[in-house]
file work-v7.cif (mmCIF, C-alpha atoms)
data_structure
#
loop_
_atom_site.group_PDB
_atom_site.id
_atom_site.type_symbol
_atom_site.label_atom_id
_atom_site.label_comp_id
_atom_site.auth_asym_id
_atom_site.auth_seq_id
_atom_site.Cartn_x
_atom_site.Cartn_y
_atom_site.Cartn_z
ATOM 1 C CA LYS A 1 -15.160 -5.595 -0.309
ATOM 2 C CA PRO A 2 -18.801 -5.705 0.756
ATOM 3 C CA SER A 3 -19.009 -1.914 0.465
ATOM 4 C CA HIS A 4 -18.309 -2.208 -3.283
ATOM 5 C CA ARG A 5 -20.997 -4.788 -3.934
ATOM 6 C CA PHE A 6 -24.415 -4.122 -5.366
ATOM 7 C CA ASP A 7 -27.177 -3.923 -2.793
ATOM 8 C CA SER A 8 -29.333 -6.386 -4.675
ATOM 9 C CA ALA A 9 -29.461 -8.618 -7.718
ATOM 10 C CA ARG A 10 -32.015 -6.190 -9.188
ATOM 11 C CA GLU A 11 -29.519 -3.290 -8.932
ATOM 12 C CA PHE A 12 -26.850 -5.467 -10.550
ATOM 13 C CA GLY A 13 -29.234 -6.430 -13.362
ATOM 14 C CA GLU A 14 -30.150 -2.798 -14.022
ATOM 15 C CA CYS A 15 -26.485 -1.903 -14.209
ATOM 16 C CA LEU A 16 -25.875 -4.709 -16.717
ATOM 17 C CA LYS A 17 -28.793 -3.534 -18.855
ATOM 18 C CA LYS A 18 -27.388 0.008 -18.915
ATOM 19 C CA ALA A 19 -24.010 -1.366 -19.879
ATOM 20 C CA LEU A 20 -25.540 -3.347 -22.747
ATOM 21 C CA ARG A 21 -27.303 -0.215 -23.985
ATOM 22 C CA ASN A 22 -24.016 1.718 -23.604
ATOM 23 C CA GLU A 23 -25.684 4.130 -21.171
ATOM 24 C CA PRO A 24 -23.676 5.915 -18.473
ATOM 25 C CA ILE A 25 -23.554 4.107 -15.144
ATOM 26 C CA GLU A 26 -23.359 6.430 -12.151
ATOM 27 C CA ARG A 27 -21.353 3.909 -10.178
ATOM 28 C CA PHE A 28 -18.580 4.102 -12.798
ATOM 29 C CA ASP A 29 -18.717 7.854 -13.462
ATOM 30 C CA SER A 30 -15.400 8.668 -15.142
ATOM 31 C CA SER A 31 -15.447 12.284 -13.943
ATOM 32 C CA LYS A 32 -15.432 11.069 -10.319
ATOM 33 C CA LEU A 33 -12.639 8.680 -11.144
ATOM 34 C CA GLN A 34 -10.617 11.415 -12.823
ATOM 35 C CA LEU A 35 -10.979 13.606 -9.722
ATOM 36 C CA ARG A 36 -9.667 10.782 -7.541
ATOM 37 C CA LEU A 37 -6.796 10.062 -9.938
ATOM 38 C CA SER A 38 -5.894 13.762 -9.732
ATOM 39 C CA ARG A 39 -5.778 13.428 -5.937
ATOM 40 C CA VAL A 40 -3.354 10.532 -6.323
ATOM 41 C CA GLU A 41 -1.154 12.641 -8.600
ATOM 42 C CA ARG A 42 -1.230 15.572 -6.147
ATOM 43 C CA GLY A 43 -0.358 13.203 -3.309
ATOM 44 C CA LEU A 44 2.681 12.026 -5.249
ATOM 45 C CA GLU A 45 3.759 15.596 -5.979
ATOM 46 C CA ALA A 46 3.377 16.572 -2.302
ATOM 47 C CA TYR A 47 5.332 13.492 -1.117
ATOM 48 C CA GLN A 48 2.171 12.207 0.600
ATOM 49 C CA TYR A 49 2.711 8.679 -0.593
ATOM 50 C CA GLU A 50 0.441 6.970 1.945
ATOM 51 C CA VAL A 51 -2.475 9.177 0.922
ATOM 52 C CA ALA A 52 -1.838 8.458 -2.757
ATOM 53 C CA ASP A 53 -1.480 4.742 -2.008
ATOM 54 C CA GLU A 54 -4.735 4.542 -0.047
ATOM 55 C CA ILE A 55 -6.776 6.383 -2.670
ATOM 56 C CA LEU A 56 -5.282 4.275 -5.438
ATOM 57 C CA SER A 57 -5.894 1.050 -3.501
ATOM 58 C CA GLU A 58 -9.530 2.014 -3.081
ATOM 59 C CA ILE A 59 -9.848 2.709 -6.818
ATOM 60 C CA GLU A 60 -8.272 -0.660 -7.587
ATOM 61 C CA GLU A 61 -10.563 -2.468 -5.144
ATOM 62 C CA GLU A 62 -13.559 -0.873 -6.814
ATOM 63 C CA GLY A 63 -12.482 -2.527 -10.048
ATOM 64 C CA TYR A 64 -11.884 0.495 -12.232
ATOM 65 C CA LEU A 65 -10.085 -0.280 -15.456
ATOM 66 C CA HIS A 66 -8.388 2.927 -16.483
ATOM 67 C CA PRO A 67 -5.042 3.324 -18.261
ATOM 68 C CA SER A 68 -3.744 5.739 -15.608
ATOM 69 C CA VAL A 69 -4.285 3.359 -12.711
ATOM 70 C CA ASN A 70 -1.413 0.994 -13.586
ATOM 71 C CA GLU A 71 1.029 3.831 -14.215
ATOM 72 C CA LEU A 72 0.061 5.598 -11.003
ATOM 73 C CA ARG A 73 0.418 2.322 -9.095
ATOM 74 C CA ARG A 74 3.939 1.940 -10.476
ATOM 75 C CA GLN A 75 4.808 5.519 -9.477
ATOM 76 C CA VAL A 76 3.378 5.186 -5.962
ATOM 77 C CA ASP A 77 5.120 1.857 -5.372
ATOM 78 C CA GLN A 78 8.417 3.287 -6.643
ATOM 79 C CA ALA A 79 8.083 6.394 -4.474
ATOM 80 C CA LEU A 80 7.366 4.285 -1.371
ATOM 81 C CA ARG A 81 10.282 1.983 -2.177
ATOM 82 C CA ASN A 82 12.658 4.917 -2.738
ATOM 83 C CA ARG A 83 11.613 6.554 0.513
ATOM 84 C CA GLY A 84 12.125 3.276 2.363
ATOM 85 C CA ILE A 85 15.597 2.924 0.866
ATOM 86 C CA ARG A 86 16.478 6.504 1.869
ATOM 87 C CA GLN A 87 15.302 5.894 5.425
ATOM 88 C CA PHE A 88 17.273 2.670 5.750
ATOM 89 C CA LEU A 89 20.418 4.315 4.392
ATOM 90 C CA GLU A 90 20.037 7.305 6.727
ATOM 91 C CA SER A 91 19.747 4.904 9.665
ATOM 92 C CA ALA A 92 22.775 2.993 8.416
ATOM 93 C CA ARG A 93 24.815 6.211 8.301
ATOM 94 C CA ARG A 94 23.765 7.117 11.853
ATOM 95 C CA PHE A 95 24.809 3.662 13.094
ATOM 96 C CA GLU A 96 28.054 3.928 11.133
ATOM 97 C CA ALA A 97 28.825 7.277 12.781
ATOM 98 C CA GLN A 98 28.343 5.595 16.176
ATOM 99 C CA GLU A 99 30.616 2.732 15.090
ATOM 100 C CA GLU A 100 27.706 0.278 15.343
ATOM 101 C CA TYR A 101 28.762 -1.471 12.165
ATOM 102 C CA THR A 102 26.639 -4.607 12.558
ATOM 103 C CA LEU A 103 23.473 -2.530 12.927
ATOM 104 C CA ALA A 104 24.564 -0.267 10.064
ATOM 105 C CA LEU A 105 25.082 -3.276 7.807
ATOM 106 C CA GLN A 106 21.637 -4.612 8.738
ATOM 107 C CA LYS A 107 20.034 -1.327 7.639
ATOM 108 C CA VAL A 108 21.973 -1.433 4.371
ATOM 109 C CA GLN A 109 20.783 -5.003 3.863
ATOM 110 C CA ASP A 110 17.193 -3.855 4.460
ATOM 111 C CA ALA A 111 17.669 -1.238 1.725
ATOM 112 C CA LEU A 112 19.152 -3.832 -0.625
ATOM 113 C CA GLU A 113 16.139 -6.081 -0.059
ATOM 114 C CA LEU A 114 14.022 -3.278 -1.522
ATOM 115 C CA GLU A 115 16.401 -2.734 -4.444
ATOM 116 C CA SER A 116 19.279 -5.179 -4.773
ATOM 117 C CA THR A 117 21.192 -3.076 -7.311
ATOM 118 C CA ASN A 118 21.026 0.259 -5.469
ATOM 119 C CA ALA A 119 24.478 1.747 -6.083
ATOM 120 C CA GLU A 120 24.406 3.968 -2.999
ATOM 121 C CA ALA A 121 23.571 1.024 -0.728
ATOM 122 C CA LEU A 122 26.232 -1.184 -2.313
ATOM 123 C CA GLU A 123 28.873 1.523 -1.883
ATOM 124 C CA LEU A 124 27.845 2.185 1.730
ATOM 125 C CA ARG A 125 28.016 -1.535 2.476
ATOM 126 C CA SER A 126 31.600 -1.642 1.197
ATOM 127 C CA VAL A 127 32.585 1.358 3.309
ATOM 128 C CA ILE A 128 30.990 -0.052 6.463
ATOM 129 C CA GLU A 129 32.492 -3.508 5.935
ATOM 130 C CA ALA A 130 35.947 -1.936 5.550
ATOM 131 C CA LYS A 131 35.486 0.055 8.764
ATOM 132 C CA ARG A 132 34.223 -3.001 10.604
ATOM 133 C CA SER A 133 37.244 -4.991 9.440
ATOM 134 C CA ALA A 134 39.603 -2.208 10.502
ATOM 135 C CA GLN A 135 37.901 -2.067 13.897
ATOM 136 C CA GLN A 136 38.240 -5.830 14.308
ATOM 137 C CA ILE A 137 41.901 -5.744 13.277
ATOM 138 C CA GLY A 138 42.522 -3.016 15.845
ATOM 139 C CA LYS A 139 40.922 -5.139 18.561
ATOM 140 C CA TRP A 140 43.033 -8.177 17.648
ATOM 141 C CA LEU A 141 46.221 -6.085 17.607
ATOM 142 C CA ASP A 142 45.385 -4.598 21.025
ATOM 143 C CA LEU A 143 44.812 -8.088 22.345
ATOM 144 C CA ALA A 144 48.107 -9.273 20.860
ATOM 145 C CA ARG A 145 49.939 -6.341 22.556
ATOM 146 C CA LYS A 146 48.369 -7.215 25.907
ATOM 147 C CA HIS A 147 49.408 -10.843 25.568
ATOM 148 C CA LEU A 148 52.939 -9.807 24.600
ATOM 149 C CA GLY A 149 53.085 -7.525 27.622
ATOM 150 C CA ASN A 150 52.129 -10.496 29.800
ATOM 151 C CA CYS A 151 54.622 -12.736 27.989
ATOM 152 C CA SER A 152 51.726 -14.922 26.784
ATOM 153 C CA PHE A 153 53.320 -15.612 23.429
ATOM 154 C CA ASP A 154 50.956 -18.380 22.315
ATOM 155 C CA GLN A 155 47.888 -16.176 22.855
ATOM 156 C CA ALA A 156 49.645 -13.242 21.148
ATOM 157 C CA ARG A 157 50.396 -15.492 18.172
ATOM 158 C CA GLU A 158 46.688 -16.526 18.021
ATOM 159 C CA ALA A 159 45.607 -12.876 18.044
ATOM 160 C CA ILE A 160 48.038 -12.048 15.223
ATOM 161 C CA SER A 161 46.772 -15.092 13.305
ATOM 162 C CA SER A 162 43.246 -13.730 13.668
ATOM 163 C CA VAL A 163 44.441 -10.432 12.176
ATOM 164 C CA SER A 164 45.852 -12.338 9.195
ATOM 165 C CA ILE A 165 42.571 -14.170 8.684
ATOM 166 C CA THR A 166 40.600 -10.915 8.857
ATOM 167 C CA VAL A 167 42.921 -9.237 6.344
ATOM 168 C CA LEU A 168 42.690 -12.191 3.945
ATOM 169 C CA ARG A 169 38.885 -12.050 4.040
ATOM 170 C CA ARG A 170 38.965 -8.491 2.743
#
call {"tool": "encode", "arguments": {"input": "work-v7.cif", "output": "structure tokens"}}
result
Amino acid sequence: KPSHRFDSAREFGECLKKALRNEPIERFDSSKLQLRLSRVERGLEAYQYEVADEILSEIEEEGYLHPSVNELRRQVDQALRNRGIRQFLESARRFEAQEEYTLALQKVQDALELESTNAEALELRSVIEAKRSAQQIGKWLDLARKHLGNCSFDQAREAISSVSITVLRR
């Protein structure tokens, strides 16, 4: 980023000379960095993941090489991913409760894209798929009853065949 660049070649040269002489460089003051890393940690503790992410991104863009940066990045990314998974699964449960199984399954799939082995998402997907199948079977059976009531035996047979296919897919 332009804001992180030296203002001039002279300033850059002076910084390099200080580095060669092992003198402290104000631009890379570790006490300022430590304060910012503490803010990232507090953001994580307070569930303010966006704040922690933005501060950490700025530190990374400035080019700091500090052992804590990589670990904090892992923690922030994991916290954001976990929150995203929770939100997708909550949405999936709301859709499931409204019997909107296709939408519920899409939200579960979104969660699984963030973490393909998430046990909670895999279990919820199985539950929703079973409910969706049961719903579909019920619709086919209702249709078969209507056709039987109208003496439309061929259409009733087709509806029952569809039930068999749905059951076999399970």
call {"tool": "atom_distance", "arguments": {"input": "work-v7.cif", "atom1": "CA of Arg125 in chain A", "atom2": "CA of Val108 in chain A"}}
result
6.3 Å
call {"tool": "closest_residue", "arguments": {"input": "work-v7.cif", "among": "A:Gln106, A:Glu50, A:Leu65, A:Glu41", "to": "Arg81 in chain A", "atoms": "all atoms listed in the file"}}
result
A:Glu50
call {"tool": "resolve_selection", "arguments": {"input": "work-v7.cif", "expression": "the PyMOL selection byres ((chain A and resi 39) around 12)", "output": "short mmCIF file (atom, residue, chain, number, x, y, z; two decimals) with C-alpha atoms, in the frame of the given file"}}
result
data_model
loop_
_atom_site.label_atom_id
_atom_site.label_comp_id
_atom_site.auth_asym_id
_atom_site.auth_seq_id
_atom_site.Cartn_x
_atom_site.Cartn_y
_atom_site.Cartn_z
CA LYS A 32 -15.43 11.07 -10.32
CA LEU A 33 -12.64 8.68 -11.14
CA GLN A 34 -10.62 11.42 -12.82
CA LEU A 35 -10.98 13.61 -9.72
CA ARG A 36 -9.67 10.78 -7.54
CA LEU A 37 -6.80 10.06 -9.94
CA SER A 38 -5.89 13.76 -9.73
CA VAL A 40 -3.35 10.53 -6.32
CA GLU A 41 -1.15 12.64 -8.60
CA ARG A 42 -1.23 15.57 -6.15
CA GLY A 43 -0.36 13.20 -3.31
CA LEU A 44 2.68 12.03 -5.25
CA GLU A 45 3.76 15.60 -5.98
CA ALA A 46 3.38 16.57 -2.30
CA GLN A 48 2.17 12.21 0.60
CA TYR A 49 2.71 8.68 -0.59
CA GLU A 50 0.44 6.97 1.94
CA VAL A 51 -2.48 9.18 0.92
CA ALA A 52 -1.84 8.46 -2.76
CA ASP A 53 -1.48 4.74 -2.01
CA GLU A 54 -4.74 4.54 -0.05
CA ILE A 55 -6.78 6.38 -2.67
CA LEU A 56 -5.28 4.28 -5.44
CA ILE A 59 -9.85 2.71 -6.82
CA LEU A 72 0.06 5.60 -11.00
#
call {"tool": "atom_distance", "arguments": {"input": "work-v7.cif", "atom1": "CA of Lys131 in chain A", "atom2": "CA of Asn82 in chain A"}}
result
26.0 Å
call {"tool": "resolve_selection", "arguments": {"input": "work-v7.cif", "expression": "the PyMOL selection byres ((chain A and resi 111) around 10)", "output": "tab-separated table (two decimals) with C-alpha atoms, in the coordinates of the input"}}
result
chain	number	residue	atom	x	y	z
A	81	ARG	CA	10.28	1.98	-2.18
A	82	ASN	CA	12.66	4.92	-2.74
A	83	ARG	CA	11.61	6.55	0.51
A	84	GLY	CA	12.12	3.28	2.36
A	85	ILE	CA	15.60	2.92	0.87
A	86	ARG	CA	16.48	6.50	1.87
A	87	GLN	CA	15.30	5.89	5.42
A	88	PHE	CA	17.27	2.67	5.75
A	89	LEU	CA	20.42	4.32	4.39
A	92	ALA	CA	22.78	2.99	8.42
A	105	LEU	CA	25.08	-3.28	7.81
A	106	GLN	CA	21.64	-4.61	8.74
A	107	LYS	CA	20.03	-1.33	7.64
A	108	VAL	CA	21.97	-1.43	4.37
A	109	GLN	CA	20.78	-5.00	3.86
A	110	ASP	CA	17.19	-3.86	4.46
A	112	LEU	CA	19.15	-3.83	-0.62
A	113	GLU	CA	16.14	-6.08	-0.06
A	114	LEU	CA	14.02	-3.28	-1.52
A	115	GLU	CA	16.40	-2.73	-4.44
A	116	SER	CA	19.28	-5.18	-4.77
A	117	THR	CA	21.19	-3.08	-7.31
A	118	ASN	CA	21.03	0.26	-5.47
A	120	GLU	CA	24.41	3.97	-3.00
A	121	ALA	CA	23.57	1.02	-0.73
A	122	LEU	CA	26.23	-1.18	-2.31
call {"tool": "atom_distance", "arguments": {"input": "work-v7.cif", "atom1": "CA of Ser68 in chain A", "atom2": "CA of Tyr47 in chain A"}}
result
18.8 Å
call {"tool": "closest_residue", "arguments": {"input": "work-v7.cif", "among": "A:Ser91, A:Phe6, A:Glu14, A:Gln136", "to": "Glu62 in chain A", "atoms": "only C-alpha atoms"}}
result
A:Phe6
call {"tool": "closest_residue", "arguments": {"input": "work-v7.cif", "among": "A:Ser31, A:Asn70, A:Ser162, A:Gln135", "to": "Glu99 in chain A", "atoms": "all atoms listed in the file"}}
result
A:Gln135
call {"tool": "closest_residue", "arguments": {"input": "work-v7.cif", "among": "A:Glu123, A:Asn150, A:Gly63, A:Ser133", "to": "Arg5 in chain A", "atoms": "all atoms listed in the file"}}
result
A:Gly63
call {"tool": "axis_aligned_box", "arguments": {"input": "work-v7.cif", "around": "range 41-53 of chain A", "padding_each_side": "5 Å", "output": "AutoDock Vina command-line options"}}
result
--center_x 1.4 --center_y 10.7 --center_z -3.3 --size_x 17.8 --size_y 21.8 --size_z 20.5
call {"tool": "closest_residue", "arguments": {"input": "work-v7.cif", "among": "A:Glu129, A:Glu58, A:Asp7, A:Asp142", "to": "Glu96 in chain A", "atoms": "all atoms listed in the file"}}
result
A:Glu129
call {"tool": "build_atoms", "arguments": {"input": "work-v7.cif", "residues": "range 79-99 of chain A", "atoms": "N, CA and C atoms", "output": "PDB file, in the frame of the given file"}}
result
ATOM      1  N   ALA A  79       7.846   5.317  -5.441  1.00  0.00           N
ATOM      2  CA  ALA A  79       8.083   6.394  -4.474  1.00  0.00           C
ATOM      3  C   ALA A  79       8.185   5.833  -3.055  1.00  0.00           C
ATOM      4  N   LEU A  80       7.300   4.903  -2.703  1.00  0.00           N
ATOM      5  CA  LEU A  80       7.366   4.285  -1.371  1.00  0.00           C
ATOM      6  C   LEU A  80       8.658   3.488  -1.197  1.00  0.00           C
ATOM      7  N   ARG A  81       9.046   2.766  -2.233  1.00  0.00           N
ATOM      8  CA  ARG A  81      10.282   1.983  -2.177  1.00  0.00           C
ATOM      9  C   ARG A  81      11.495   2.909  -2.030  1.00  0.00           C
ATOM     10  N   ASN A  82      11.532   3.981  -2.813  1.00  0.00           N
ATOM     11  CA  ASN A  82      12.658   4.917  -2.738  1.00  0.00           C
ATOM     12  C   ASN A  82      12.746   5.576  -1.368  1.00  0.00           C
ATOM     13  N   ARG A  83      11.592   5.942  -0.812  1.00  0.00           N
ATOM     14  CA  ARG A  83      11.613   6.554   0.513  1.00  0.00           C
ATOM     15  C   ARG A  83      12.105   5.547   1.549  1.00  0.00           C
ATOM     16  N   GLY A  84      11.663   4.310   1.443  1.00  0.00           N
ATOM     17  CA  GLY A  84      12.125   3.276   2.363  1.00  0.00           C
ATOM     18  C   GLY A  84      13.627   3.083   2.277  1.00  0.00           C
ATOM     19  N   ILE A  85      14.146   3.069   1.058  1.00  0.00           N
ATOM     20  CA  ILE A  85      15.597   2.924   0.866  1.00  0.00           C
ATOM     21  C   ILE A  85      16.323   4.095   1.515  1.00  0.00           C
ATOM     22  N   ARG A  86      15.838   5.316   1.264  1.00  0.00           N
ATOM     23  CA  ARG A  86      16.478   6.504   1.869  1.00  0.00           C
ATOM     24  C   ARG A  86      16.486   6.414   3.391  1.00  0.00           C
ATOM     25  N   GLN A  87      15.377   5.995   3.971  1.00  0.00           N
ATOM     26  CA  GLN A  87      15.302   5.894   5.425  1.00  0.00           C
ATOM     27  C   GLN A  87      16.261   4.847   5.969  1.00  0.00           C
ATOM     28  N   PHE A  88      16.338   3.705   5.307  1.00  0.00           N
ATOM     29  CA  PHE A  88      17.273   2.670   5.750  1.00  0.00           C
ATOM     30  C   PHE A  88      18.717   3.159   5.657  1.00  0.00           C
ATOM     31  N   LEU A  89      19.046   3.842   4.563  1.00  0.00           N
ATOM     32  CA  LEU A  89      20.418   4.315   4.392  1.00  0.00           C
ATOM     33  C   LEU A  89      20.758   5.429   5.384  1.00  0.00           C
ATOM     34  N   GLU A  90      19.800   6.281   5.701  1.00  0.00           N
ATOM     35  CA  GLU A  90      20.037   7.305   6.727  1.00  0.00           C
ATOM     36  C   GLU A  90      20.300   6.652   8.079  1.00  0.00           C
ATOM     37  N   SER A  91      19.524   5.637   8.416  1.00  0.00           N
ATOM     38  CA  SER A  91      19.747   4.904   9.665  1.00  0.00           C
ATOM     39  C   SER A  91      21.113   4.235   9.657  1.00  0.00           C
ATOM     40  N   ALA A  92      21.470   3.652   8.527  1.00  0.00           N
ATOM     41  CA  ALA A  92      22.775   2.993   8.416  1.00  0.00           C
ATOM     42  C   ALA A  92      23.908   3.991   8.661  1.00  0.00           C
ATOM     43  N   ARG A  93      23.773   5.187   8.098  1.00  0.00           N
ATOM     44  CA  ARG A  93      24.815   6.211   8.301  1.00  0.00           C
ATOM     45  C   ARG A  93      24.897   6.649   9.760  1.00  0.00           C
ATOM     46  N   ARG A  94      23.749   6.753  10.427  1.00  0.00           N
ATOM     47  CA  ARG A  94      23.765   7.117  11.853  1.00  0.00           C
ATOM     48  C   ARG A  94      24.463   6.024  12.671  1.00  0.00           C
ATOM     49  N   PHE A  95      24.142   4.758  12.387  1.00  0.00           N
ATOM     50  CA  PHE A  95      24.809   3.662  13.094  1.00  0.00           C
ATOM     51  C   PHE A  95      26.303   3.637  12.773  1.00  0.00           C
ATOM     52  N   GLU A  96      26.641   3.894  11.524  1.00  0.00           N
ATOM     53  CA  GLU A  96      28.054   3.928  11.133  1.00  0.00           C
ATOM     54  C   GLU A  96      28.793   5.004  11.920  1.00  0.00           C
ATOM     55  N   ALA A  97      28.197   6.175  12.048  1.00  0.00           N
ATOM     56  CA  ALA A  97      28.825   7.277  12.781  1.00  0.00           C
ATOM     57  C   ALA A  97      29.047   6.910  14.248  1.00  0.00           C
ATOM     58  N   GLN A  98      28.206   6.043  14.788  1.00  0.00           N
ATOM     59  CA  GLN A  98      28.343   5.595  16.176  1.00  0.00           C
ATOM     60  C   GLN A  98      29.196   4.333  16.285  1.00  0.00           C
ATOM     61  N   GLU A  99      29.785   3.928  15.179  1.00  0.00           N
ATOM     62  CA  GLU A  99      30.616   2.732  15.090  1.00  0.00           C
ATOM     63  C   GLU A  99      29.849   1.466  15.454  1.00  0.00           C
TER      64      GLU A  99
END
